[in-house]
file start-v2.txt (compact mmCIF, C-alpha atoms)
# COMPACT_ATOMS: atom_id res chain seq x y z
CA MET A 139 -255.76 -55.93 -42.04
CA SER A 140 -254.48 -52.47 -42.96
CA GLN A 141 -258.07 -51.17 -42.89
CA GLN A 142 -258.48 -52.58 -39.36
CA ASN A 143 -255.27 -50.86 -38.27
CA SER A 144 -256.34 -47.54 -39.72
CA THR A 145 -259.75 -47.84 -38.00
CA SER A 146 -258.15 -48.52 -34.61
CA ALA A 147 -255.67 -45.69 -35.15
CA TYR A 148 -258.55 -43.37 -35.99
CA SER A 149 -260.51 -44.37 -32.87
CA GLU A 150 -257.38 -43.91 -30.74
CA GLU A 151 -256.87 -40.49 -32.22
CA ARG A 152 -260.50 -39.57 -31.49
CA SER A 153 -260.35 -40.77 -27.92
CA ARG A 154 -257.13 -38.77 -27.39
CA GLU A 155 -258.79 -35.66 -28.80
CA ARG A 156 -261.79 -36.26 -26.53
CA LEU A 157 -259.61 -36.57 -23.43
CA GLN A 158 -257.73 -33.44 -24.41
CA MET A 159 -260.98 -31.53 -24.80
CA ILE A 160 -262.19 -32.76 -21.40
CA ASP A 161 -258.94 -31.50 -19.84
CA THR A 162 -259.44 -28.13 -21.51
CA LEU A 163 -262.99 -27.91 -20.17
CA LYS A 164 -261.92 -29.03 -16.70
CA ALA A 165 -258.99 -26.64 -16.19
CA PRO A 166 -260.91 -23.36 -15.58
CA ILE A 167 -263.39 -25.12 -13.27
CA ILE A 168 -260.63 -26.57 -11.11
CA GLN A 169 -258.93 -23.17 -10.95
CA LEU A 170 -262.16 -21.34 -10.13
CA GLY A 171 -263.09 -23.84 -7.41
CA ARG A 172 -259.70 -23.41 -5.76
CA ASP A 173 -259.87 -19.63 -6.05
CA LEU A 174 -263.26 -19.66 -4.35
CA GLY A 175 -261.81 -21.74 -1.53
CA TYR A 176 -263.75 -24.97 -2.11
CA GLU A 177 -262.33 -28.44 -1.83
CA VAL A 178 -261.85 -29.61 -5.41
CA ILE A 179 -261.93 -33.34 -6.19
CA GLU A 180 -260.99 -34.63 -9.61
CA ASN A 181 -262.71 -37.83 -10.80
CA HIS A 182 -264.91 -38.23 -7.72
CA ASP A 183 -266.12 -41.84 -7.75
CA LEU A 184 -268.00 -43.84 -5.11
CA GLY A 185 -268.43 -46.74 -7.51
CA ALA A 186 -270.85 -45.49 -10.14
CA GLY A 187 -268.16 -44.07 -12.43
CA PRO A 188 -266.16 -40.84 -12.27
CA VAL A 189 -267.60 -37.36 -12.00
CA HIS A 190 -264.94 -35.17 -13.64
CA ILE A 191 -264.80 -32.47 -10.94
CA THR A 192 -266.57 -32.01 -7.65
CA TRP A 193 -266.57 -28.91 -5.49
CA VAL A 194 -267.20 -29.78 -1.87
CA PHE A 195 -268.17 -26.99 0.48
CA LYS A 196 -269.62 -26.50 3.92
CA PRO A 197 -272.91 -24.62 3.83
CA GLY A 198 -272.09 -22.32 6.76
CA SER A 199 -272.59 -24.50 9.79
CA GLU A 200 -270.75 -27.55 11.11
CA SER A 201 -274.04 -29.26 11.84
CA LEU A 202 -275.09 -29.18 8.19
CA PRO A 203 -273.79 -31.82 5.78
CA ASP A 204 -271.22 -30.96 3.11
CA MET A 205 -272.65 -30.03 -0.28
CA ARG A 206 -271.24 -31.48 -3.47
CA LEU A 207 -271.47 -29.71 -6.77
CA GLY A 208 -270.49 -32.05 -9.60
CA PHE A 209 -269.21 -31.10 -13.05
CA ILE A 210 -269.34 -33.52 -15.96
CA CYS A 211 -267.82 -32.49 -19.27
CA LEU A 212 -269.60 -33.52 -22.45
CA THR A 213 -267.64 -33.34 -25.66
CA GLU A 214 -270.49 -34.24 -28.00
CA PHE A 215 -274.24 -34.38 -27.70
CA SER A 216 -275.90 -37.78 -27.24
CA ASN A 217 -278.78 -38.95 -25.11
CA SER A 218 -276.76 -41.88 -23.79
CA SER A 219 -273.97 -39.62 -22.49
CA ILE A 220 -276.57 -37.42 -20.75
CA ASN A 221 -278.21 -40.48 -19.19
CA GLU A 222 -274.85 -41.79 -18.05
CA GLY A 223 -273.78 -38.41 -16.64
CA ILE A 224 -276.97 -38.01 -14.60
CA ALA A 225 -276.73 -41.59 -13.34
CA ARG A 226 -273.13 -41.12 -12.23
CA ALA A 227 -273.85 -37.85 -10.48
CA MET A 228 -276.93 -39.09 -8.63
CA LEU A 229 -275.44 -42.42 -7.62
CA ASN A 230 -272.20 -40.77 -6.46
CA LEU A 231 -274.18 -38.56 -4.04
CA VAL A 232 -273.68 -35.31 -5.93
CA ASP A 233 -276.22 -32.68 -4.79
CA LYS A 234 -276.29 -30.65 -8.00
CA LEU A 235 -274.91 -31.45 -11.41
CA VAL A 236 -273.44 -29.10 -13.98
CA PHE A 237 -272.89 -30.32 -17.52
CA VAL A 238 -269.95 -28.46 -19.01
CA VAL A 239 -270.11 -28.28 -22.81
CA PRO A 240 -267.76 -26.65 -25.34
CA THR A 241 -270.24 -24.48 -27.26
CA GLU A 242 -273.40 -22.42 -26.72
CA THR A 243 -275.16 -24.48 -29.43
CA MET A 244 -274.54 -27.62 -27.46
CA THR A 245 -275.76 -25.90 -24.27
CA LYS A 246 -279.12 -25.43 -25.94
CA GLU A 247 -279.25 -29.00 -27.23
CA VAL A 248 -278.51 -30.51 -23.81
CA LYS A 249 -280.90 -28.13 -22.03
CA ASP A 250 -283.69 -29.02 -24.46
CA ALA A 251 -283.03 -32.73 -23.97
CA ILE A 252 -283.32 -32.36 -20.19
CA GLU A 253 -286.39 -30.16 -20.31
CA SER A 254 -288.14 -32.49 -22.74
CA MET A 255 -288.80 -35.00 -19.96
CA PRO A 256 -292.44 -35.93 -19.43
CA ASP A 257 -294.18 -33.87 -16.72
CA THR A 258 -295.41 -37.04 -15.05
CA SER A 259 -291.90 -38.33 -14.50
CA ILE A 260 -290.75 -39.13 -10.97
CA LEU A 261 -287.69 -36.91 -11.47
CA GLN A 262 -287.72 -33.27 -12.45
CA LEU A 263 -284.19 -33.11 -13.74
CA ARG A 264 -284.26 -29.43 -14.64
CA LYS A 265 -284.07 -28.79 -10.89
CA TYR A 266 -280.97 -30.95 -10.60
CA VAL A 267 -279.01 -30.22 -13.77
CA THR A 268 -277.47 -26.98 -15.08
CA VAL A 269 -275.79 -26.72 -18.47
CA LEU A 270 -273.09 -24.17 -19.27
CA THR A 271 -269.83 -23.49 -21.06
CA PRO A 272 -266.64 -22.82 -19.07
CA SER A 273 -266.48 -19.25 -20.39
CA THR A 274 -269.95 -18.50 -18.96
CA LEU A 275 -268.90 -19.75 -15.54
CA VAL A 276 -265.58 -17.92 -15.40
CA SER A 277 -266.70 -14.62 -16.89
CA LYS A 278 -269.83 -14.41 -14.72
CA SER A 279 -267.86 -14.92 -11.55
CA GLY A 280 -265.38 -12.24 -12.62
CA ILE A 281 -268.04 -9.61 -13.31
CA GLN A 282 -269.40 -7.66 -10.36
CA GLY A 283 -273.16 -7.38 -10.04
CA SER A 284 -274.75 -3.93 -10.48
CA ARG A 285 -275.38 -3.63 -6.73
CA GLU A 286 -271.78 -4.52 -5.90
CA ARG A 287 -270.52 -2.06 -8.54
CA ARG A 288 -272.63 0.74 -7.14
CA SER A 289 -271.46 0.04 -3.60
CA ALA A 290 -267.82 0.08 -4.74
CA GLN A 291 -268.33 3.44 -6.39
CA THR A 292 -270.14 5.01 -3.48
CA GLY A 293 -268.22 3.22 -0.74
CA GLU A 294 -271.49 1.82 0.63
CA VAL A 295 -271.21 -1.41 2.62
CA VAL A 296 -273.55 -4.14 1.30
CA MET B 55 -283.26 -61.34 -28.49
CA THR B 56 -285.98 -60.16 -30.90
CA HIS B 57 -287.77 -63.45 -30.26
CA HIS B 58 -287.73 -62.74 -26.51
CA LEU B 59 -289.00 -59.22 -27.04
CA ASN B 60 -291.85 -60.57 -29.14
CA LYS B 61 -292.70 -62.83 -26.24
CA LEU B 62 -292.84 -59.81 -23.93
CA VAL B 63 -295.09 -57.97 -26.39
CA GLN B 64 -297.36 -61.00 -26.68
CA SER B 65 -297.43 -61.52 -22.94
CA GLY B 66 -298.40 -57.88 -22.36
CA GLN B 67 -301.15 -58.04 -24.93
CA GLU B 68 -302.51 -61.27 -23.43
CA LYS B 69 -302.77 -59.51 -20.08
CA GLY B 70 -304.78 -56.76 -21.74
CA PHE B 71 -302.19 -53.99 -21.53
CA LYS B 72 -301.58 -51.44 -24.24
CA VAL B 73 -298.16 -52.39 -25.58
CA GLU B 74 -295.74 -50.10 -27.42
CA GLN B 75 -292.63 -51.33 -29.20
CA ASN B 76 -289.40 -49.51 -30.07
CA VAL B 77 -290.50 -46.15 -28.73
CA ASP B 78 -288.33 -43.12 -28.07
CA TYR B 79 -289.73 -40.49 -25.70
CA GLY B 80 -286.64 -38.33 -26.19
CA ALA B 81 -284.06 -40.04 -23.99
CA GLY B 82 -283.16 -43.01 -26.16
CA PRO B 83 -284.95 -46.12 -27.44
CA ILE B 84 -287.10 -48.29 -25.18
CA ASP B 85 -287.74 -51.75 -26.60
CA VAL B 86 -291.12 -52.54 -25.08
CA VAL B 87 -293.53 -50.52 -22.92
CA TRP B 88 -296.54 -51.95 -21.12
CA ASN B 89 -299.16 -49.34 -20.27
CA ILE B 90 -301.02 -50.88 -17.36
CA ASN B 91 -304.43 -49.44 -16.64
CA LEU B 92 -305.49 -50.43 -13.14
CA HIS B 93 -308.57 -48.21 -12.93
CA SER B 94 -310.10 -45.67 -15.27
CA ALA B 95 -309.71 -42.95 -12.64
CA LEU B 96 -306.01 -43.68 -12.14
CA PRO B 97 -303.12 -42.85 -14.46
CA ASN B 98 -301.49 -45.67 -16.42
CA ILE B 99 -298.49 -47.41 -14.95
CA LYS B 100 -295.68 -47.60 -17.46
CA CYS B 101 -293.38 -50.59 -17.34
CA GLY B 102 -290.48 -50.42 -19.77
CA PHE B 103 -288.18 -53.18 -20.96
CA VAL B 104 -284.71 -52.28 -22.22
CA THR B 105 -282.43 -54.98 -23.61
CA LEU B 106 -278.81 -55.06 -22.54
CA GLY B 107 -276.92 -56.66 -25.38
CA ALA B 108 -273.49 -58.17 -25.89
CA GLU B 109 -272.02 -55.24 -27.73
CA GLU B 110 -268.32 -54.80 -28.18
CA GLU B 111 -266.97 -52.50 -25.51
CA GLU B 112 -263.36 -51.40 -25.74
CA GLY B 113 -262.12 -54.53 -27.38
CA SER B 114 -263.86 -57.25 -25.39
CA GLN B 115 -267.38 -58.51 -25.06
CA ASP B 116 -268.62 -57.55 -21.64
CA THR B 117 -271.01 -60.50 -21.52
CA GLU B 118 -268.32 -63.17 -21.73
CA ASP B 119 -268.54 -63.94 -18.02
CA ASN B 120 -272.23 -63.07 -17.61
CA GLN B 121 -271.27 -59.62 -16.38
CA LEU B 122 -272.53 -56.37 -17.85
CA SER B 123 -270.73 -53.12 -17.17
CA LEU B 124 -272.06 -50.69 -14.58
CA ARG B 125 -271.97 -48.05 -17.30
CA LYS B 126 -274.49 -49.90 -19.44
CA ILE B 127 -276.75 -50.65 -16.50
CA GLU B 128 -276.79 -47.05 -15.27
CA GLU B 129 -277.35 -45.70 -18.75
CA ALA B 130 -280.25 -48.03 -19.51
CA ALA B 131 -281.93 -47.43 -16.14
CA PHE B 132 -281.73 -43.66 -16.50
CA ARG B 133 -282.91 -43.86 -20.09
CA GLY B 134 -286.09 -45.36 -18.70
CA ILE B 135 -286.35 -42.84 -15.87
CA ARG B 136 -285.85 -39.89 -18.23
CA SER B 137 -288.49 -41.39 -20.50
CA GLY B 138 -291.03 -41.13 -17.69
CA LEU B 139 -291.33 -44.87 -17.01
CA ASP B 140 -292.46 -46.02 -13.59
CA LYS B 141 -290.46 -49.26 -13.76
CA VAL B 142 -287.48 -50.13 -15.93
CA TYR B 143 -286.68 -53.78 -16.46
CA LEU B 144 -283.28 -54.52 -17.93
CA VAL B 145 -283.64 -57.59 -20.12
CA THR B 146 -280.57 -59.80 -20.35
CA GLU B 147 -279.70 -62.96 -22.28
CA ASN B 148 -279.95 -65.38 -19.38
CA GLU B 149 -280.86 -65.68 -15.69
CA ASP B 150 -277.26 -65.50 -14.44
CA MET B 151 -276.79 -62.21 -16.19
CA ALA B 152 -280.12 -60.93 -14.84
CA LYS B 153 -279.04 -61.81 -11.31
CA SER B 154 -275.73 -60.05 -11.82
CA VAL B 155 -277.54 -56.94 -13.12
CA SER B 156 -279.94 -56.93 -10.16
CA GLY B 157 -277.02 -57.34 -7.78
CA LYS B 158 -275.22 -54.40 -9.32
CA ILE B 159 -278.36 -52.28 -9.10
CA GLU B 160 -278.68 -53.16 -5.40
CA TRP B 161 -275.05 -52.22 -4.87
CA LEU B 162 -275.45 -48.90 -6.66
CA ALA B 163 -278.52 -48.16 -4.55
CA SER B 164 -276.73 -49.05 -1.33
CA HIS B 165 -274.72 -45.81 -1.28
CA GLY B 166 -277.80 -43.95 -0.10
CA SER B 167 -278.30 -41.73 -3.11
CA LEU B 168 -281.20 -39.40 -3.84
CA ILE B 169 -282.76 -42.10 -5.97
CA ARG B 170 -283.39 -45.70 -4.87
CA LEU B 171 -282.41 -47.31 -8.12
CA ASP B 172 -283.45 -50.75 -6.88
CA ALA B 173 -287.01 -49.52 -6.36
CA ILE B 174 -287.28 -48.62 -10.03
CA SER B 175 -285.03 -50.98 -11.92
CA LEU B 176 -284.39 -54.72 -12.00
CA GLY B 177 -282.56 -57.28 -14.15
CA LEU B 178 -284.82 -59.76 -15.91
CA ALA B 179 -284.24 -62.79 -18.13
CA PRO B 180 -286.88 -63.46 -20.81
CA GLU B 181 -287.25 -67.12 -19.82
CA GLN B 182 -287.25 -66.35 -16.10
CA THR B 183 -289.78 -68.37 -14.16
CA GLU B 184 -288.78 -67.69 -10.57
CA GLN B 185 -289.06 -64.37 -8.71
CA ALA B 186 -286.65 -61.79 -10.16
CA VAL B 187 -286.48 -59.71 -6.96
CA ILE B 188 -283.34 -60.47 -5.00
CA THR B 189 -284.00 -62.09 -1.64
CA PRO B 190 -282.05 -60.44 1.19
CA SER B 191 -279.22 -62.62 2.49
CA GLN B 192 -280.91 -62.89 5.91
CA LYS B 193 -283.72 -64.80 4.23
CA ARG B 194 -281.61 -66.52 1.60
CA VAL B 195 -279.07 -68.14 3.95
CA PRO B 196 -280.46 -71.28 5.59
CA GLN B 197 -280.69 -71.36 9.36
CA GLY B 198 -278.17 -74.24 9.57
CA GLU B 199 -275.52 -72.14 7.87
CA LYS B 200 -275.93 -69.45 10.50
CA ILE B 201 -275.58 -71.98 13.32
CA ARG B 202 -272.40 -73.39 11.75
CA LYS B 203 -270.91 -69.90 11.51
CA GLN B 204 -271.87 -69.20 15.12
CA THR B 205 -270.05 -72.38 16.25
CA MET B 206 -266.98 -71.37 14.26
CA ARG B 207 -266.99 -67.91 15.82
CA GLU B 208 -267.29 -69.38 19.34
CA ARG B 209 -264.39 -71.76 18.67
CA GLU B 210 -262.23 -68.92 17.37
CA ALA B 211 -263.08 -66.81 20.43
CA LYS B 212 -262.04 -69.71 22.70
CA LEU B 213 -258.73 -70.16 20.88
CA GLU B 214 -258.11 -66.42 21.10
CA LYS B 215 -258.74 -66.56 24.85
CA TYR B 216 -256.41 -69.48 25.69
CA ASN B 217 -253.66 -69.18 23.06
CA ARG B 218 -250.46 -67.25 23.56
CA PRO B 219 -251.13 -63.57 22.81
CA LYS B 220 -249.28 -61.80 20.00
CA GLY B 221 -248.11 -58.27 19.34
CA GLU B 222 -249.28 -55.53 21.67
CA ARG B 223 -251.25 -57.93 23.88
CA LYS B 224 -248.10 -59.99 24.42
CA ARG B 225 -246.17 -56.96 25.70
CA ARG B 226 -248.98 -55.85 28.03
CA GLU B 227 -249.63 -59.25 29.57
CA HIS B 228 -249.11 -59.56 33.32
CA PRO B 229 -246.22 -61.98 34.23
CA LEU B 230 -248.41 -63.90 36.69
CA LYS B 231 -251.11 -64.46 34.11
CA LYS B 232 -248.42 -65.57 31.67
CA ARG B 233 -247.05 -68.16 34.13
CA VAL B 234 -250.51 -69.56 34.79
CA ARG B 235 -251.25 -69.79 31.09
CA GLU B 236 -247.92 -71.45 30.27
CA SER B 237 -248.41 -74.07 32.98
CA LYS B 238 -251.91 -74.80 31.66
CA ILE B 239 -250.60 -75.14 28.12
CA ASP B 240 -247.87 -77.45 29.39
CA LYS B 241 -250.41 -79.54 31.27
CA HIS B 242 -253.16 -79.75 28.64
CA GLY B 243 -251.28 -79.23 25.40
CA ARG B 244 -249.38 -82.55 25.44
CA PRO B 245 -250.54 -85.79 23.84
CA ARG B 246 -252.35 -88.12 26.22
CA ASN B 247 -249.43 -90.58 26.67
CA GLN B 248 -246.96 -87.79 27.42
CA LYS B 249 -248.96 -86.07 30.11
CA PRO B 250 -247.19 -85.85 33.49
CA LYS B 251 -248.57 -88.41 35.91
CA ARG B 252 -250.41 -87.18 38.96
CA THR B 253 -248.60 -87.68 42.20

call {"tool": "encode", "arguments": {"input": "start-v2.txt", "output": "structure tokens"}}
result
Amino acid sequence: MSQQNSTSAYSEERSRERLQMIDTLKAPIIQLGRDLGYEVIENHDLGAGPVHITWVFKPGSESLPDMRLGFICLTEFSNSSINEGIARAMLNLVDKLVFVVPTETMTKEVKDAIESMPDTSILQLRKYVTVLTPSTLVSKSGIQGSRERRSAQTGEVV
Amino acid sequence: MTHHLNKLVQSGQEKGFKVEQNVDYGAGPIDVVWNINLHSALPNIKCGFVTLGAEEEEGSQDTEDNQLSLRKIEEAAFRGIRSGLDKVYLVTENEDMAKSVSGKIEWLASHGSLIRLDAISLGLAPEQTEQAVITPSQKRVPQGEKIRKQTMREREAKLEKYNRPKGERKRREHPLKKRVRESKIDKHGRPRNQKPKRT
């Protein structure tokens, strides 16, 4: 009985840690989305299960449909969680999916898993899925490109 | 379940297909794969079978009421898709469960996503003898049922027309129309023996 209790306490502890990690991964993406002026939806769900964050934006013209960029946070690598994430994103009408992972090592693992799909497959998921860490996303958006930098120095309008 | 899978293997072999068992193409295990060769000049068609079992999920068995979670269904279907299968059949314990799985797949596909999940995946029971593809309700519902519903709708429309209006319609009603209606209700709404006699 005591062993059962300790097992359930352990699993509870793990699930709490997992949720905490997801929140940590989500926070900078929510902030960045808002800063960039996109509509940010947390736990976007049309019935296939939640997509942690979705950025919804208008691609320039009223006549074009809204685009949805979905973010799903993965706390540990497993094929089943990748399958589930892709299924949720596609079935919830997300146009592009970004897997957010905690480490660069995991980025490589997930990327390899997605690129290892057979060439004959009906889906080419590498065109649909991007894998990155929150730090990559935030730091890249904060750094000006070389062209922008040059224009700022010279006062040239790009 | 192993017994059922053996049946699938045997059935595939009897049909002359190349059968693979417990394979993993990199996206998770697939229980049985039939490689169907239609013509030597054409590529093989790969039909995969993935079993959906009664595993414990957050404290309760999700097969207790012949219902499998959407999570499991999505995961298994995409495991097959990522493995490069042309068709993914989700094998369940019984026909009721298979129907429920197929229904859920149809529902997931109905949102209009990039992928028509129902064109690729289907629930299947090992002992299934009848067609596993879900018949659309237009074909499934007998003609008589439709007629009965039509009669009910007509009756409801008639009641709506002659009954006292409620809410907004009541406020907007013209007084003359109201008087006519009330006199008609008074005349026709009484029991036969209490009707006013004609003079």

call {"tool": "atom_distance", "arguments": {"input": "start-v2.txt", "atom1": "atom CA of B:Arg133", "atom2": "atom CA of A:Gly187"}}
result
16.6 Å

call {"tool": "residues_near_point", "arguments": {"input": "start-v2.txt", "point": "(-292.6, -37.6, -15.3)", "cutoff": "9 Å", "atoms": "only C-alpha atoms", "output": "JSON, numbers by chain"}}
result
{"A": [255, 256, 257, 258, 259, 260, 261, 262], "B": [135, 136, 137, 138, 139, 140]}

call {"tool": "residues_around", "arguments": {"input": "start-v2.txt", "residues": "stretch 57-67 of chain B", "least_positions_apart": "4", "cutoff": "7 Å", "atoms": "all atoms listed in the file", "output": "list in words"}}
result
Phe71, Lys72, Val73, Val86, Trp88 and Pro180 of chain B

call {"tool": "interface_residues", "arguments": {"input": "start-v2.txt", "of": "chain A", "to": "chain B", "cutoff": "12 Å", "atoms": "only C-alpha atoms", "output": "VMD selection string"}}
result
chain A and resid 146 149 to 150 153 183 to 188 215 to 234 247 to 248 250 to 264 266

call {"tool": "atom_distance", "arguments": {"input": "start-v2.txt", "atom1": "atom CA of A:Phe195", "atom2": "atom CA of A:Gly175"}}
result
8.5 Å

call {"tool": "residues_around", "arguments": {"input": "start-v2.txt", "residues": "A:Val194", "least_positions_apart": "2", "cutoff": "7 Å", "atoms": "only C-alpha atoms", "output": "NGL selection string"}}
result
:A and (176-178 or 192 or 204-207)

call {"tool": "write_last_selection", "arguments": {"input": "start-v2.txt", "atoms": "C-alpha atoms", "output": "mmCIF file, in the frame of the given file"}}
result
data_model
loop_
_atom_site.group_PDB
_atom_site.id
_atom_site.type_symbol
_atom_site.label_atom_id
_atom_site.label_comp_id
_atom_site.auth_asym_id
_atom_site.auth_seq_id
_atom_site.Cartn_x
_atom_site.Cartn_y
_atom_site.Cartn_z
ATOM 1 C CA TYR A 176 -263.750 -24.970 -2.110
ATOM 2 C CA GLU A 177 -262.330 -28.440 -1.830
ATOM 3 C CA VAL A 178 -261.850 -29.610 -5.410
ATOM 4 C CA THR A 192 -266.570 -32.010 -7.650
ATOM 5 C CA ASP A 204 -271.220 -30.960 3.110
ATOM 6 C CA MET A 205 -272.650 -30.030 -0.280
ATOM 7 C CA ARG A 206 -271.240 -31.480 -3.470
ATOM 8 C CA LEU A 207 -271.470 -29.710 -6.770
#

call {"tool": "atom_distance", "arguments": {"input": "start-v2.txt", "atom1": "atom CA of A:Glu242", "atom2": "atom CA of A:Leu275"}}
result
12.3 Å

call {"tool": "build_atoms", "arguments": {"input": "start-v2.txt", "residues": "stretch 220-239 of chain B", "atoms": "N, CA and C atoms", "output": "short mmCIF file (atom, residue, chain, number, x, y, z; two decimals), keeping the file's coordinate frame"}}
result
data_model
loop_
_atom_site.label_atom_id
_atom_site.label_comp_id
_atom_site.auth_asym_id
_atom_site.auth_seq_id
_atom_site.Cartn_x
_atom_site.Cartn_y
_atom_site.Cartn_z
N LYS B 220 -250.31 -62.31 20.93
CA LYS B 220 -249.28 -61.80 20.00
C LYS B 220 -249.29 -60.28 20.00
N GLY B 221 -248.19 -59.71 19.55
CA GLY B 221 -248.11 -58.27 19.34
C GLY B 221 -248.24 -57.47 20.61
N GLU B 222 -249.10 -56.47 20.57
CA GLU B 222 -249.28 -55.53 21.67
C GLU B 222 -249.77 -56.24 22.94
N ARG B 223 -250.68 -57.20 22.73
CA ARG B 223 -251.25 -57.93 23.88
C ARG B 223 -250.17 -58.71 24.62
N LYS B 224 -249.20 -59.21 23.83
CA LYS B 224 -248.10 -59.99 24.42
C LYS B 224 -247.25 -59.10 25.35
N ARG B 225 -247.01 -57.87 24.91
CA ARG B 225 -246.17 -56.96 25.70
C ARG B 225 -246.90 -56.52 26.99
N ARG B 226 -248.23 -56.37 26.88
CA ARG B 226 -248.98 -55.85 28.03
C ARG B 226 -249.36 -56.92 29.06
N GLU B 227 -249.15 -58.17 28.69
CA GLU B 227 -249.63 -59.25 29.57
C GLU B 227 -248.91 -59.27 30.92
N HIS B 228 -249.68 -59.50 31.97
CA HIS B 228 -249.11 -59.56 33.32
C HIS B 228 -248.29 -60.84 33.48
N PRO B 229 -247.08 -60.78 34.11
CA PRO B 229 -246.22 -61.98 34.23
C PRO B 229 -246.90 -63.15 34.94
N LEU B 230 -247.74 -62.83 35.95
CA LEU B 230 -248.41 -63.90 36.69
C LEU B 230 -249.38 -64.66 35.78
N LYS B 231 -250.14 -63.87 35.03
CA LYS B 231 -251.11 -64.46 34.11
C LYS B 231 -250.39 -65.33 33.08
N LYS B 232 -249.20 -64.85 32.68
CA LYS B 232 -248.42 -65.57 31.67
C LYS B 232 -247.98 -66.93 32.23
N ARG B 233 -247.53 -66.91 33.49
CA ARG B 233 -247.05 -68.16 34.13
C ARG B 233 -248.17 -69.17 34.23
N VAL B 234 -249.35 -68.66 34.65
CA VAL B 234 -250.51 -69.56 34.79
C VAL B 234 -250.85 -70.17 33.44
N ARG B 235 -250.88 -69.30 32.41
CA ARG B 235 -251.25 -69.79 31.09
C ARG B 235 -250.26 -70.84 30.58
N GLU B 236 -248.95 -70.54 30.78
CA GLU B 236 -247.92 -71.45 30.27
C GLU B 236 -248.01 -72.81 30.96
N SER B 237 -248.30 -72.78 32.27
CA SER B 237 -248.41 -74.07 32.98
C SER B 237 -249.63 -74.85 32.49
N LYS B 238 -250.70 -74.13 32.18
CA LYS B 238 -251.91 -74.80 31.66
C LYS B 238 -251.64 -75.40 30.29
N ILE B 239 -250.92 -74.63 29.46
CA ILE B 239 -250.60 -75.14 28.12
C ILE B 239 -249.72 -76.38 28.24
#
